[in-house]
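A.B. asks: Got a file for you: protein.csv, CSV, C-alpha atoms.
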```
chain,number,residue,atom,x,y,z
A,85,MET,CA,8.9,8.3,0.0
A,86,LEU,CA,7.3,10.7,-2.4
A,87,LYS,CA,8.3,14.2,-3.5
A,88,GLY,CA,5.9,16.9,-4.4
A,89,ILE,CA,4.8,20.6,-4.3
A,90,VAL,CA,2.3,21.8,-1.8
A,91,ARG,CA,-0.7,23.2,-3.7
A,92,ASP,CA,-3.5,23.7,-1.3
A,93,ASN,CA,-4.8,23.8,2.3
A,94,ILE,CA,-7.6,21.4,3.1
A,95,VAL,CA,-9.9,22.6,5.8
A,96,SER,CA,-12.0,20.2,7.9
A,97,THR,CA,-13.9,21.4,10.9
A,98,ARG,CA,-15.7,18.2,11.6
A,99,LYS,CA,-13.0,15.6,12.1
A,100,GLN,CA,-11.6,13.0,14.4
A,101,GLU,CA,-10.5,14.4,17.8
A,102,ALA,CA,-7.0,13.2,17.3
A,103,LEU,CA,-6.6,15.2,14.1
A,104,VAL,CA,-7.6,18.6,15.7
A,105,GLY,CA,-4.7,21.0,15.2
A,106,SER,CA,-3.3,19.1,12.2
A,107,LYS,CA,-2.6,21.0,9.0
A,108,PHE,CA,-3.8,19.1,5.9
A,109,LEU,CA,-1.9,20.0,2.7
A,110,GLU,CA,-2.7,18.8,-0.8
A,111,VAL,CA,0.5,17.9,-2.6
A,112,GLN,CA,1.1,17.4,-6.3
A,113,LEU,CA,3.7,14.7,-6.8
A,114,ILE,CA,6.9,15.1,-8.7
A,115,GLU,CA,8.8,12.2,-10.4
A,116,ASN,CA,12.1,12.6,-12.2
A,117,SER,CA,11.9,16.4,-11.7
A,118,GLN,CA,8.6,16.6,-13.5
A,119,LEU,CA,5.1,17.3,-12.2
A,120,THR,CA,2.7,14.4,-12.4
A,121,GLU,CA,-1.1,14.4,-12.3
A,122,LYS,CA,-1.0,12.5,-8.9
A,123,TYR,CA,-2.1,14.3,-5.7
A,124,LEU,CA,-2.4,13.3,-2.1
A,125,ILE,CA,-3.2,14.9,1.2
A,126,ALA,CA,-0.6,14.9,4.0
A,127,VAL,CA,-0.4,16.2,7.5
A,128,ASP,CA,2.4,18.7,7.9
A,129,SER,CA,5.1,18.1,10.5
A,130,VAL,CA,7.9,20.5,9.4
A,131,GLY,CA,6.2,23.9,8.8
A,132,ALA,CA,5.7,23.5,5.1
A,133,GLY,CA,3.8,26.1,3.1
A,134,ILE,CA,2.1,26.3,-0.3
A,135,GLY,CA,4.7,26.2,-3.2
A,136,GLU,CA,7.4,24.4,-1.2
A,137,THR,CA,8.8,21.1,-2.5
A,138,VAL,CA,8.4,18.5,0.2
A,139,LEU,CA,9.1,14.8,1.1
A,140,ILE,CA,6.2,12.7,2.2
A,141,THR,CA,6.2,9.5,4.1
A,142,THR,CA,3.1,7.3,3.7
A,143,GLY,CA,1.7,4.4,5.7
A,144,SER,CA,2.5,3.5,9.3
A,145,GLY,CA,5.8,5.3,9.0
A,146,ALA,CA,4.0,8.6,8.6
A,147,ARG,CA,2.7,8.5,12.1
A,148,LEU,CA,6.2,8.2,13.5
A,149,ALA,CA,6.8,11.8,12.6
A,150,LEU,CA,3.9,13.1,14.7
A,151,HIS,CA,3.7,13.9,18.4
A,152,ASN,CA,0.6,11.8,18.6
A,153,THR,CA,1.7,8.6,16.9
A,154,SER,CA,-1.9,7.2,17.1
A,155,ALA,CA,-3.4,10.0,15.0
A,156,PRO,CA,-5.4,8.4,12.3
A,157,THR,CA,-3.4,9.5,9.3
A,158,ASP,CA,-1.4,7.7,6.5
A,159,ALA,CA,0.7,10.5,5.0
A,160,VAL,CA,3.0,13.1,6.7
A,161,ILE,CA,5.3,15.7,5.2
A,162,VAL,CA,8.6,14.9,6.9
A,163,GLY,CA,11.1,17.2,5.1
A,164,ILE,CA,11.4,20.3,2.8
A,165,VAL,CA,13.6,19.7,-0.2
A,166,ASP,CA,16.3,22.4,-0.6
B,738,MET,CA,-4.9,10.8,2.9
B,739,LEU,CA,-7.5,10.9,0.2
B,740,LYS,CA,-10.3,13.3,-0.5
B,741,GLY,CA,-13.6,12.4,-2.2
B,742,ILE,CA,-17.3,12.6,-2.4
B,743,VAL,CA,-19.6,10.1,-0.7
B,744,ARG,CA,-21.6,8.4,-3.5
B,745,ASP,CA,-23.3,5.4,-2.1
B,746,ASN,CA,-24.1,3.2,0.9
B,747,ILE,CA,-22.9,-0.4,0.7
B,748,VAL,CA,-25.1,-2.8,2.6
B,749,SER,CA,-23.7,-6.1,3.9
B,750,THR,CA,-25.7,-8.3,6.1
B,751,ARG,CA,-23.4,-11.3,6.2
B,752,LYS,CA,-20.1,-9.9,7.5
B,753,GLN,CA,-17.4,-10.2,10.1
B,754,GLU,CA,-18.8,-9.8,13.6
B,755,ALA,CA,-16.4,-6.9,14.4
B,756,LEU,CA,-17.9,-4.9,11.5
B,757,VAL,CA,-21.5,-5.1,12.7
B,758,GLY,CA,-22.8,-1.6,13.1
B,759,SER,CA,-20.2,-0.1,10.7
B,760,LYS,CA,-21.5,2.2,8.0
B,761,PHE,CA,-19.8,1.4,4.6
B,762,LEU,CA,-19.7,4.3,2.2
B,763,GLU,CA,-18.4,4.3,-1.4
B,764,VAL,CA,-16.4,7.4,-2.1
B,765,GLN,CA,-15.4,8.8,-5.5
B,766,LEU,CA,-11.9,10.3,-5.2
B,767,ILE,CA,-11.1,13.9,-5.9
B,768,GLU,CA,-7.6,15.1,-6.9
B,769,ASN,CA,-6.7,18.7,-7.6
B,770,SER,CA,-10.4,19.7,-7.2
B,771,GLN,CA,-11.4,17.4,-10.0
B,772,LEU,CA,-13.4,14.2,-9.8
B,773,THR,CA,-11.4,11.1,-10.7
B,774,GLU,CA,-12.6,7.6,-11.8
B,775,LYS,CA,-11.2,6.1,-8.7
B,776,TYR,CA,-13.5,4.8,-6.0
B,777,LEU,CA,-13.0,3.0,-2.6
B,778,ILE,CA,-15.2,1.9,0.3
B,779,ALA,CA,-14.6,3.3,3.7
B,780,VAL,CA,-16.1,3.0,7.2
B,781,ASP,CA,-17.6,6.2,8.4
B,782,SER,CA,-16.4,7.6,11.8
B,783,VAL,CA,-17.6,11.2,11.6
B,784,GLY,CA,-21.3,11.0,10.6
B,785,ALA,CA,-20.7,11.6,6.8
B,786,GLY,CA,-23.6,11.3,4.3
B,787,ILE,CA,-24.0,11.0,0.6
B,788,GLY,CA,-22.8,14.1,-1.3
B,789,GLU,CA,-20.4,15.3,1.4
B,790,THR,CA,-16.7,15.8,0.7
B,791,VAL,CA,-14.6,13.8,3.1
B,792,LEU,CA,-11.1,12.9,4.1
B,793,ILE,CA,-10.1,9.2,4.1
B,794,THR,CA,-7.3,7.5,5.9
B,795,THR,CA,-6.2,4.2,4.6
B,796,GLY,CA,-4.1,1.3,6.0
B,797,SER,CA,-3.3,0.6,9.6
B,798,GLY,CA,-3.9,4.3,10.5
B,799,ALA,CA,-7.6,3.9,9.5
B,800,ARG,CA,-8.3,1.7,12.4
B,801,LEU,CA,-7.0,4.3,14.9
B,802,ALA,CA,-10.1,6.3,14.2
B,803,LEU,CA,-12.5,3.5,15.3
B,804,HIS,CA,-13.7,2.5,18.8
B,805,ASN,CA,-12.7,-1.0,17.9
B,806,THR,CA,-9.2,-0.7,16.7
B,807,SER,CA,-9.1,-4.3,15.7
B,808,ALA,CA,-12.0,-4.1,13.3
B,809,PRO,CA,-10.9,-5.7,10.0
B,810,THR,CA,-11.0,-2.6,7.8
B,811,ASP,CA,-8.4,-0.6,5.8
B,812,ALA,CA,-10.1,2.7,5.1
B,813,VAL,CA,-12.0,5.1,7.4
B,814,ILE,CA,-13.6,8.5,6.8
B,815,VAL,CA,-11.9,10.7,9.4
B,816,GLY,CA,-13.1,14.2,8.5
B,817,ILE,CA,-15.6,16.2,6.5
B,818,VAL,CA,-14.1,18.9,4.3
B,819,ASP,CA,-15.6,22.4,4.8
C,928,MET,CA,10.3,-5.5,-3.4
C,929,LEU,CA,11.2,-3.2,-6.2
C,930,LYS,CA,14.3,-3.0,-8.4
C,931,GLY,CA,15.6,0.2,-9.9
C,932,ILE,CA,18.5,2.4,-10.8
C,933,VAL,CA,19.6,5.3,-8.5
C,934,ARG,CA,19.2,8.5,-10.4
C,935,ASP,CA,19.6,11.4,-7.9
C,936,ASN,CA,20.3,12.6,-4.4
C,937,ILE,CA,17.5,14.5,-2.7
C,938,VAL,CA,18.7,17.1,-0.3
C,939,SER,CA,16.5,18.3,2.6
C,940,THR,CA,18.0,20.5,5.3
C,941,ARG,CA,14.7,21.1,7.1
C,942,LYS,CA,13.5,17.7,8.1
C,943,GLN,CA,12.3,15.4,10.9
C,944,GLU,CA,15.0,15.0,13.6
C,945,ALA,CA,14.9,11.2,13.2
C,946,LEU,CA,15.9,11.5,9.5
C,947,VAL,CA,19.0,13.7,10.1
C,948,GLY,CA,21.9,11.8,8.5
C,949,SER,CA,19.7,9.7,6.2
C,950,LYS,CA,20.7,9.7,2.5
C,951,PHE,CA,17.6,10.1,0.3
C,952,LEU,CA,18.0,8.7,-3.2
C,953,GLU,CA,15.6,8.9,-6.1
C,954,VAL,CA,15.3,5.6,-7.9
C,955,GLN,CA,13.9,4.9,-11.4
C,956,LEU,CA,12.1,1.5,-11.2
C,957,ILE,CA,13.0,-1.4,-13.5
C,958,GLU,CA,10.5,-4.2,-14.3
C,959,ASN,CA,11.3,-7.2,-16.5
C,960,SER,CA,14.8,-5.7,-17.2
C,961,GLN,CA,13.3,-2.5,-18.7
C,962,LEU,CA,13.3,1.0,-17.3
C,963,THR,CA,9.8,2.3,-16.3
C,964,GLU,CA,8.6,5.8,-15.8
C,965,LYS,CA,8.0,5.1,-12.1
C,966,TYR,CA,10.2,6.8,-9.5
C,967,LEU,CA,10.4,6.8,-5.7
C,968,ILE,CA,12.6,8.1,-3.0
C,969,ALA,CA,14.3,5.7,-0.6
C,970,VAL,CA,16.7,5.9,2.3
C,971,ASP,CA,19.9,4.2,1.6
C,972,SER,CA,21.1,1.4,4.0
C,973,VAL,CA,23.8,-0.3,2.0
C,974,GLY,CA,26.0,2.5,0.6
C,975,ALA,CA,24.3,2.7,-2.8
C,976,GLY,CA,25.4,5.4,-5.3
C,977,ILE,CA,24.1,7.0,-8.4
C,978,GLY,CA,23.9,4.6,-11.3
C,979,GLU,CA,23.7,1.4,-9.2
C,980,THR,CA,20.9,-1.1,-9.5
C,981,VAL,CA,19.3,-1.6,-6.2
C,982,LEU,CA,16.6,-3.5,-4.3
C,983,ILE,CA,14.0,-1.5,-2.4
C,984,THR,CA,11.7,-2.6,0.4
C,985,THR,CA,8.7,-0.4,1.1
C,986,GLY,CA,6.3,0.0,3.9
C,987,SER,CA,6.8,-1.1,7.5
C,988,GLY,CA,9.5,-3.6,6.4
C,989,ALA,CA,11.7,-0.8,5.2
C,990,ARG,CA,12.3,0.5,8.7
C,991,LEU,CA,13.6,-2.9,9.8
C,992,ALA,CA,16.7,-2.2,7.7
C,993,LEU,CA,17.6,1.0,9.6
C,994,HIS,CA,19.4,1.5,12.9
C,995,ASN,CA,16.6,3.7,14.1
C,996,THR,CA,13.5,1.5,13.3
C,997,SER,CA,11.2,4.4,14.3
C,998,ALA,CA,12.5,6.8,11.6
C,999,PRO,CA,9.5,8.1,9.7
C,1000,THR,CA,10.3,6.6,6.3
C,1001,ASP,CA,8.5,4.1,4.0
C,1002,ALA,CA,11.2,3.0,1.5
C,1003,VAL,CA,14.7,1.8,2.1
C,1004,ILE,CA,17.4,0.5,-0.3
C,1005,VAL,CA,18.3,-3.0,1.2
C,1006,GLY,CA,20.6,-4.4,-1.5
C,1007,ILE,CA,22.7,-3.8,-4.5
C,1008,VAL,CA,22.0,-6.0,-7.5
C,1009,ASP,CA,25.1,-7.7,-8.9
D,857,MET,CA,-12.0,-1.5,1.3
D,858,LEU,CA,-12.7,-3.0,-2.1
D,859,LYS,CA,-15.8,-4.5,-3.6
D,860,GLY,CA,-15.8,-7.2,-6.2
D,861,ILE,CA,-17.3,-10.4,-7.6
D,862,VAL,CA,-15.8,-13.8,-6.8
D,863,ARG,CA,-14.6,-15.3,-10.1
D,864,ASP,CA,-12.5,-18.3,-9.3
D,865,ASN,CA,-10.9,-20.7,-6.7
D,866,ILE,CA,-7.2,-20.7,-6.6
D,867,VAL,CA,-5.8,-24.1,-5.5
D,868,SER,CA,-2.4,-24.3,-3.9
D,869,THR,CA,-1.2,-27.6,-2.4
D,870,ARG,CA,2.3,-26.6,-1.6
D,871,LYS,CA,1.9,-23.5,0.7
D,872,GLN,CA,2.8,-22.0,4.0
D,873,GLU,CA,1.7,-24.1,6.9
D,874,ALA,CA,-0.3,-21.3,8.4
D,875,LEU,CA,-2.4,-21.0,5.2
D,876,VAL,CA,-3.5,-24.7,5.2
D,877,GLY,CA,-7.2,-24.8,5.2
D,878,SER,CA,-7.6,-21.2,3.8
D,879,LYS,CA,-9.9,-20.8,0.8
D,880,PHE,CA,-8.2,-18.5,-1.8
D,881,LEU,CA,-10.7,-16.7,-4.1
D,882,GLU,CA,-9.9,-14.5,-7.1
D,883,VAL,CA,-12.1,-11.4,-7.1
D,884,GLN,CA,-12.8,-9.0,-10.0
D,885,LEU,CA,-13.1,-5.5,-8.5
D,886,ILE,CA,-16.1,-3.3,-9.0
D,887,GLU,CA,-16.0,0.5,-8.8
D,888,ASN,CA,-19.0,2.7,-9.1
D,889,SER,CA,-21.2,-0.4,-9.9
D,890,GLN,CA,-19.1,-1.2,-12.9
D,891,LEU,CA,-16.7,-4.2,-13.4
D,892,THR,CA,-13.1,-3.2,-13.7
D,893,GLU,CA,-10.1,-5.1,-15.1
D,894,LYS,CA,-8.5,-5.3,-11.7
D,895,TYR,CA,-8.3,-8.6,-9.9
D,896,LEU,CA,-6.9,-9.8,-6.6
D,897,ILE,CA,-6.8,-12.9,-4.5
D,898,ALA,CA,-8.3,-12.9,-1.0
D,899,VAL,CA,-8.8,-15.4,1.7
D,900,ASP,CA,-12.4,-16.1,2.5
D,901,SER,CA,-13.7,-15.5,6.1
D,902,VAL,CA,-17.4,-15.4,5.5
D,903,GLY,CA,-18.3,-18.4,3.4
D,904,ALA,CA,-18.3,-16.5,0.0
D,905,GLY,CA,-18.8,-18.4,-3.2
D,906,ILE,CA,-18.2,-17.8,-6.9
D,907,GLY,CA,-20.6,-15.1,-8.3
D,908,GLU,CA,-21.1,-13.4,-5.0
D,909,THR,CA,-20.4,-9.7,-4.5
D,910,VAL,CA,-18.0,-9.2,-1.6
D,911,LEU,CA,-16.1,-6.7,0.5
D,912,ILE,CA,-12.4,-7.1,0.8
D,913,THR,CA,-10.0,-5.7,3.4
D,914,THR,CA,-6.4,-5.4,2.5
D,915,GLY,CA,-3.2,-5.0,4.4
D,916,SER,CA,-2.7,-5.7,8.1
D,917,GLY,CA,-6.4,-5.2,8.7
D,918,ALA,CA,-7.1,-8.3,6.7
D,919,ARG,CA,-5.6,-10.6,9.2
D,920,LEU,CA,-7.8,-9.2,12.0
D,921,ALA,CA,-10.6,-11.1,10.3
D,922,LEU,CA,-8.9,-14.5,10.6
D,923,HIS,CA,-8.7,-17.0,13.5
D,924,ASN,CA,-5.0,-17.1,13.0
D,925,THR,CA,-4.0,-13.4,12.9
D,926,SER,CA,-0.5,-14.3,12.0
D,927,ALA,CA,-1.4,-16.1,8.8
D,928,PRO,CA,0.8,-14.6,6.0
D,929,THR,CA,-1.9,-13.0,3.9
D,930,ASP,CA,-2.8,-9.4,2.9
D,931,ALA,CA,-6.4,-9.6,1.7
D,932,VAL,CA,-9.5,-11.2,3.3
D,933,ILE,CA,-13.1,-11.2,2.2
D,934,VAL,CA,-14.9,-9.7,5.3
D,935,GLY,CA,-18.5,-9.3,4.0
D,936,ILE,CA,-21.0,-10.3,1.4
D,937,VAL,CA,-22.8,-7.4,-0.2
D,938,ASP,CA,-26.6,-7.7,-0.2
E,779,MET,CA,-2.6,-11.6,-2.5
E,780,LEU,CA,-1.2,-11.7,-6.0
E,781,LYS,CA,-0.6,-14.5,-8.5
E,782,GLY,CA,2.2,-14.7,-11.0
E,783,ILE,CA,4.9,-16.7,-12.8
E,784,VAL,CA,8.4,-16.7,-11.5
E,785,ARG,CA,10.6,-15.3,-14.3
E,786,ASP,CA,14.1,-14.6,-12.9
E,787,ASN,CA,16.5,-14.8,-10.0
E,788,ILE,CA,17.8,-11.5,-8.7
E,789,VAL,CA,21.3,-11.8,-7.2
E,790,SER,CA,22.5,-9.3,-4.7
E,791,THR,CA,25.8,-9.8,-2.9
E,792,ARG,CA,25.9,-6.5,-1.0
E,793,LYS,CA,22.7,-6.5,1.0
E,794,GLN,CA,21.2,-6.2,4.5
E,795,GLU,CA,22.6,-8.8,6.9
E,796,ALA,CA,19.0,-10.1,7.7
E,797,LEU,CA,18.5,-10.9,4.0
E,798,VAL,CA,21.6,-13.1,3.6
E,799,GLY,CA,20.4,-16.5,2.4
E,800,SER,CA,17.1,-15.2,1.0
E,801,LYS,CA,16.2,-16.1,-2.6
E,802,PHE,CA,14.9,-13.1,-4.5
E,803,LEU,CA,12.6,-14.0,-7.4
E,804,GLU,CA,11.1,-11.6,-10.0
E,805,VAL,CA,7.5,-12.5,-10.7
E,806,GLN,CA,5.3,-11.5,-13.6
E,807,LEU,CA,1.8,-11.0,-12.3
E,808,ILE,CA,-1.3,-12.8,-13.7
E,809,GLU,CA,-4.8,-11.4,-13.4
E,810,ASN,CA,-7.9,-13.2,-14.6
E,811,SER,CA,-5.6,-16.0,-16.1
E,812,GLN,CA,-3.8,-13.5,-18.3
E,813,LEU,CA,-0.2,-12.3,-18.0
E,814,THR,CA,0.1,-8.6,-17.1
E,815,GLU,CA,3.0,-6.2,-17.6
E,816,LYS,CA,3.4,-5.9,-13.8
E,817,TYR,CA,6.4,-7.4,-12.0
E,818,LEU,CA,7.6,-7.5,-8.5
E,819,ILE,CA,10.4,-9.1,-6.5
E,820,ALA,CA,9.5,-11.5,-3.7
E,821,VAL,CA,11.5,-13.6,-1.3
E,822,ASP,CA,10.8,-17.3,-1.7
E,823,SER,CA,9.5,-19.3,1.3
E,824,VAL,CA,8.2,-22.5,-0.4
E,825,GLY,CA,10.9,-23.6,-2.8
E,826,ALA,CA,9.5,-22.0,-5.9
E,827,GLY,CA,11.4,-22.1,-9.2
E,828,ILE,CA,11.5,-20.3,-12.5
E,829,GLY,CA,8.3,-21.0,-14.5
E,830,GLU,CA,6.1,-21.9,-11.5
E,831,THR,CA,2.9,-20.1,-10.8
E,832,VAL,CA,2.9,-18.7,-7.3
E,833,LEU,CA,0.9,-16.8,-4.7
E,834,ILE,CA,2.6,-13.7,-3.2
E,835,THR,CA,1.7,-11.9,0.0
E,836,THR,CA,2.8,-8.3,0.3
E,837,GLY,CA,3.3,-5.9,3.1
E,838,SER,CA,3.6,-6.7,6.8
E,839,GLY,CA,1.9,-10.1,6.2
E,840,ALA,CA,4.8,-11.2,4.0
E,841,ARG,CA,7.2,-11.3,6.9
E,842,LEU,CA,4.9,-13.7,8.8
E,843,ALA,CA,6.0,-16.4,6.3
E,844,LEU,CA,9.7,-16.1,7.1
E,845,HIS,CA,11.7,-17.6,9.9
E,846,ASN,CA,13.1,-14.2,10.6
E,847,THR,CA,10.0,-12.0,10.8
E,848,SER,CA,12.1,-8.9,11.1
E,849,ALA,CA,13.8,-9.4,7.7
E,850,PRO,CA,13.4,-6.1,5.8
E,851,THR,CA,11.2,-7.3,3.0
E,852,ASP,CA,7.7,-6.5,1.8
E,853,ALA,CA,6.8,-9.5,-0.5
E,854,VAL,CA,7.1,-13.2,0.0
E,855,ILE,CA,6.0,-16.2,-2.1
E,856,VAL,CA,3.7,-18.2,0.2
E,857,GLY,CA,2.3,-20.8,-2.1
E,858,ILE,CA,2.7,-22.6,-5.4
E,859,VAL,CA,-0.5,-22.8,-7.5
E,860,ASP,CA,-1.5,-26.3,-8.6
```
Could you show the structure in this file as C-alpha cells?

C.D. replies:
Amino acid sequence: MLKGIVRDNIVSTRKQEALVGSKFLEVQLIENSQLTEKYLIAVDSVGAGIGETVLITTGSGARLALHNTSAPTDAVIVGIVD
Amino acid sequence: MLKGIVRDNIVSTRKQEALVGSKFLEVQLIENSQLTEKYLIAVDSVGAGIGETVLITTGSGARLALHNTSAPTDAVIVGIVD
Amino acid sequence: MLKGIVRDNIVSTRKQEALVGSKFLEVQLIENSQLTEKYLIAVDSVGAGIGETVLITTGSGARLALHNTSAPTDAVIVGIVD
Amino acid sequence: MLKGIVRDNIVSTRKQEALVGSKFLEVQLIENSQLTEKYLIAVDSVGAGIGETVLITTGSGARLALHNTSAPTDAVIVGIVD
Amino acid sequence: MLKGIVRDNIVSTRKQEALVGSKFLEVQLIENSQLTEKYLIAVDSVGAGIGETVLITTGSGARLALHNTSAPTDAVIVGIVD
C-alpha cells in the first residue's frame, strides 16, 4: 500500500457510468516520512479531503473497498493516517 | 489511476480478434499538473481524442470499462478531465 | 516478492471496515543485501516487528495470506527472513 | 499497453509444461516514438518477428490472448503496429 | 516476463503455512543481455539453481505455475534459459 497527501480534486464530467459519483483525488506519495515527486489518482472511500495523509490500495484490491466492486478503477483511498 | 494527454493514435491491423474495433491511444502522463516523460497506450472507452486530458485505469480494472471484459488489454481511458 | 526491513507502524483510525485490526508496517526494501530508498506499506500476517527482515507479497497474491481474502490491500508480509 | 520492437528470441528448454510451444520474444520498449532502455519478455500471439513493432498487454489481461488462459505468463504480444 | 540470474537463496523459517516447502531465490534481472541493478525474489518451480539464467512470471500469472495456486506469492521462476 502507499501513503500520501491529498493535493487536488480531479473533475471529470464525461466518464464511465460506473464511476459517476466517485470522488477522484490526486495524491502526492510519501516514503520514509518524506514527500516524493510521485503522484497518482485514487477514488476516495473514507471521506478524505485535501491535505489529509491517506493510505491507498492499488490494483484489484482497490475495488474491494468500493460498493460497486466492478467499477473500473485501480486505486482507492482506504484509510486516513492519524 | 493516471492522468495524461492523448498524443497519438496507434494503428494495428494484425491484432488479436478481441481487439478489433478498439481505438488505441498513446497518452503522455501528467503528474502534479506537469507533463512527464512517461507514456502508455490505452484503449479508449469514452470517445477521447488527441489533445484531451484523460483518466486511465490500468490492470484488471481497465477491462471492466469495456463491453468485452475479456479483451486482452491492461489500460483503458475511463474519463475525460474537465 | 520483495525483501525489506520493517521501519515503522502506520496508524489509521478512520479506515475501511475490512481493515480494522490489520497492522500496517512501513518497510524499507533491500535488494542484493543493500538498503534501497524504496518503501512500501504492508499488512502483517506473520507477527513481524520493527527491525525484522521480511518477505512481502504484492498484488492479488497478498490477500491470499489473510483470513479475510477480500480485505482491500495490495501488500502483505508473508515471511520473516532468518 | 506497451509498444516496442522485437529484438531477440529467448529459448528455454526446461520450462513449465503449460509454456511448451510458446515463443518468448524480448522487446525493447518505445515511448513517444523513441527507443527506451526498457526491455521485457512477452509470449507471441500474433506471429510477430524480430524487428517488428508490436503492442504488448501485461498482467492478467495478457493471458486472455492465449489459447491456454492459465499459462503462467504476464506479458503477451497482442498486435503488430502498422 | 523477466529474465535474470539466480544470485541467492532466501531462507525464511517463520512464514505463511502455504509457503512451507517453497524455495525462494533472489534474482538479478537482465535486460538486453546486460545485468541490471534490479533484483526480485521468486519462488522456484523448475529446479533452478544459483548462477542459472531464468524466466520469471510476476503477478497473478505466477501462481498458475504452482501446485498450490493459492499460495501467497507474486513471482515464480517458470523456465531456465538455454

A.B. asks: Write down, as a PyMOL selection string, each residue of chain D that has any atom within 10 Å of an atom of chain B, counting only C-alpha atoms.

C.D. replies: chain D and resi 857-859+886-889+901-904+909-922+932-938

A.B. asks: Could you jot down the CA of His151 (chain A) to CA of Asn995 (chain C) separation for me, Å, one decimal place?

C.D. replies: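 CA of His151 (chain A) sits 17.0 Å away from CA of Asn995 (chain C).
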
A.B. asks: Can you tell me how far CA of Asn93 (chain A) sits from CA of Lys760 (chain B), in Å to one decimal?

C.D. replies: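 Those two atoms sit 27.9 Å apart.
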
A.B. asks: Rounded to one decimal in Å, what is the spacing between CA of Gly88 (chain A) and CA of Thr120 (chain A)?

C.D. replies: 9.0 Å

A.B. asks: Could you add whatever atoms are missing so that region 149-160 of chain A carries N, CA, C and O atoms, then write the result as a PDB file, in the coordinates of the input?

C.D. replies:
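Saved as part_26.pdb:
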```pdb
ATOM      1  N   ALA A 149       6.296  10.433  12.618  1.00  0.00           N
ATOM      2  CA  ALA A 149       6.800  11.800  12.600  1.00  0.00           C
ATOM      3  C   ALA A 149       5.870  12.755  13.386  1.00  0.00           C
ATOM      4  O   ALA A 149       6.164  13.944  13.487  1.00  0.00           O
ATOM      5  N   LEU A 150       4.819  12.243  13.984  1.00  0.00           N
ATOM      6  CA  LEU A 150       3.900  13.100  14.700  1.00  0.00           C
ATOM      7  C   LEU A 150       4.054  12.952  16.224  1.00  0.00           C
ATOM      8  O   LEU A 150       4.510  11.916  16.714  1.00  0.00           O
ATOM      9  N   HIS A 151       3.675  14.005  16.941  1.00  0.00           N
ATOM     10  CA  HIS A 151       3.700  13.900  18.400  1.00  0.00           C
ATOM     11  C   HIS A 151       2.749  12.822  18.871  1.00  0.00           C
ATOM     12  O   HIS A 151       3.062  12.026  19.734  1.00  0.00           O
ATOM     13  N   ASN A 152       1.576  12.817  18.258  1.00  0.00           N
ATOM     14  CA  ASN A 152       0.600  11.800  18.600  1.00  0.00           C
ATOM     15  C   ASN A 152       0.684  10.680  17.561  1.00  0.00           C
ATOM     16  O   ASN A 152       0.099  10.746  16.483  1.00  0.00           O
ATOM     17  N   THR A 153       1.426   9.625  17.906  1.00  0.00           N
ATOM     18  CA  THR A 153       1.700   8.600  16.900  1.00  0.00           C
ATOM     19  C   THR A 153       0.438   7.695  16.685  1.00  0.00           C
ATOM     20  O   THR A 153       0.473   6.804  15.847  1.00  0.00           O
ATOM     21  N   SER A 154      -0.633   7.958  17.423  1.00  0.00           N
ATOM     22  CA  SER A 154      -1.900   7.200  17.100  1.00  0.00           C
ATOM     23  C   SER A 154      -2.895   8.096  16.433  1.00  0.00           C
ATOM     24  O   SER A 154      -4.076   7.752  16.399  1.00  0.00           O
ATOM     25  N   ALA A 155      -2.478   9.205  15.855  1.00  0.00           N
ATOM     26  CA  ALA A 155      -3.400  10.000  15.000  1.00  0.00           C
ATOM     27  C   ALA A 155      -3.765   9.201  13.792  1.00  0.00           C
ATOM     28  O   ALA A 155      -2.892   8.581  13.184  1.00  0.00           O
ATOM     29  N   PRO A 156      -5.026   9.191  13.422  1.00  0.00           N
ATOM     30  CA  PRO A 156      -5.400   8.400  12.300  1.00  0.00           C
ATOM     31  C   PRO A 156      -5.117   8.998  10.933  1.00  0.00           C
ATOM     32  O   PRO A 156      -5.994   9.495  10.230  1.00  0.00           O
ATOM     33  N   THR A 157      -3.846   8.970  10.574  1.00  0.00           N
ATOM     34  CA  THR A 157      -3.400   9.500   9.300  1.00  0.00           C
ATOM     35  C   THR A 157      -2.541   8.469   8.591  1.00  0.00           C
ATOM     36  O   THR A 157      -2.097   7.504   9.218  1.00  0.00           O
ATOM     37  N   ASP A 158      -2.271   8.680   7.296  1.00  0.00           N
ATOM     38  CA  ASP A 158      -1.400   7.700   6.500  1.00  0.00           C
ATOM     39  C   ASP A 158      -0.416   8.458   5.654  1.00  0.00           C
ATOM     40  O   ASP A 158       0.226   7.815   4.817  1.00  0.00           O
ATOM     41  N   ALA A 159      -0.261   9.775   5.841  1.00  0.00           N
ATOM     42  CA  ALA A 159       0.700  10.500   5.000  1.00  0.00           C
ATOM     43  C   ALA A 159       1.132  11.765   5.774  1.00  0.00           C
ATOM     44  O   ALA A 159       0.268  12.532   6.212  1.00  0.00           O
ATOM     45  N   VAL A 160       2.439  11.964   5.923  1.00  0.00           N
ATOM     46  CA  VAL A 160       3.000  13.100   6.700  1.00  0.00           C
ATOM     47  C   VAL A 160       4.124  13.712   5.878  1.00  0.00           C
ATOM     48  O   VAL A 160       4.954  12.978   5.335  1.00  0.00           O
TER      49      VAL A 160
END
```
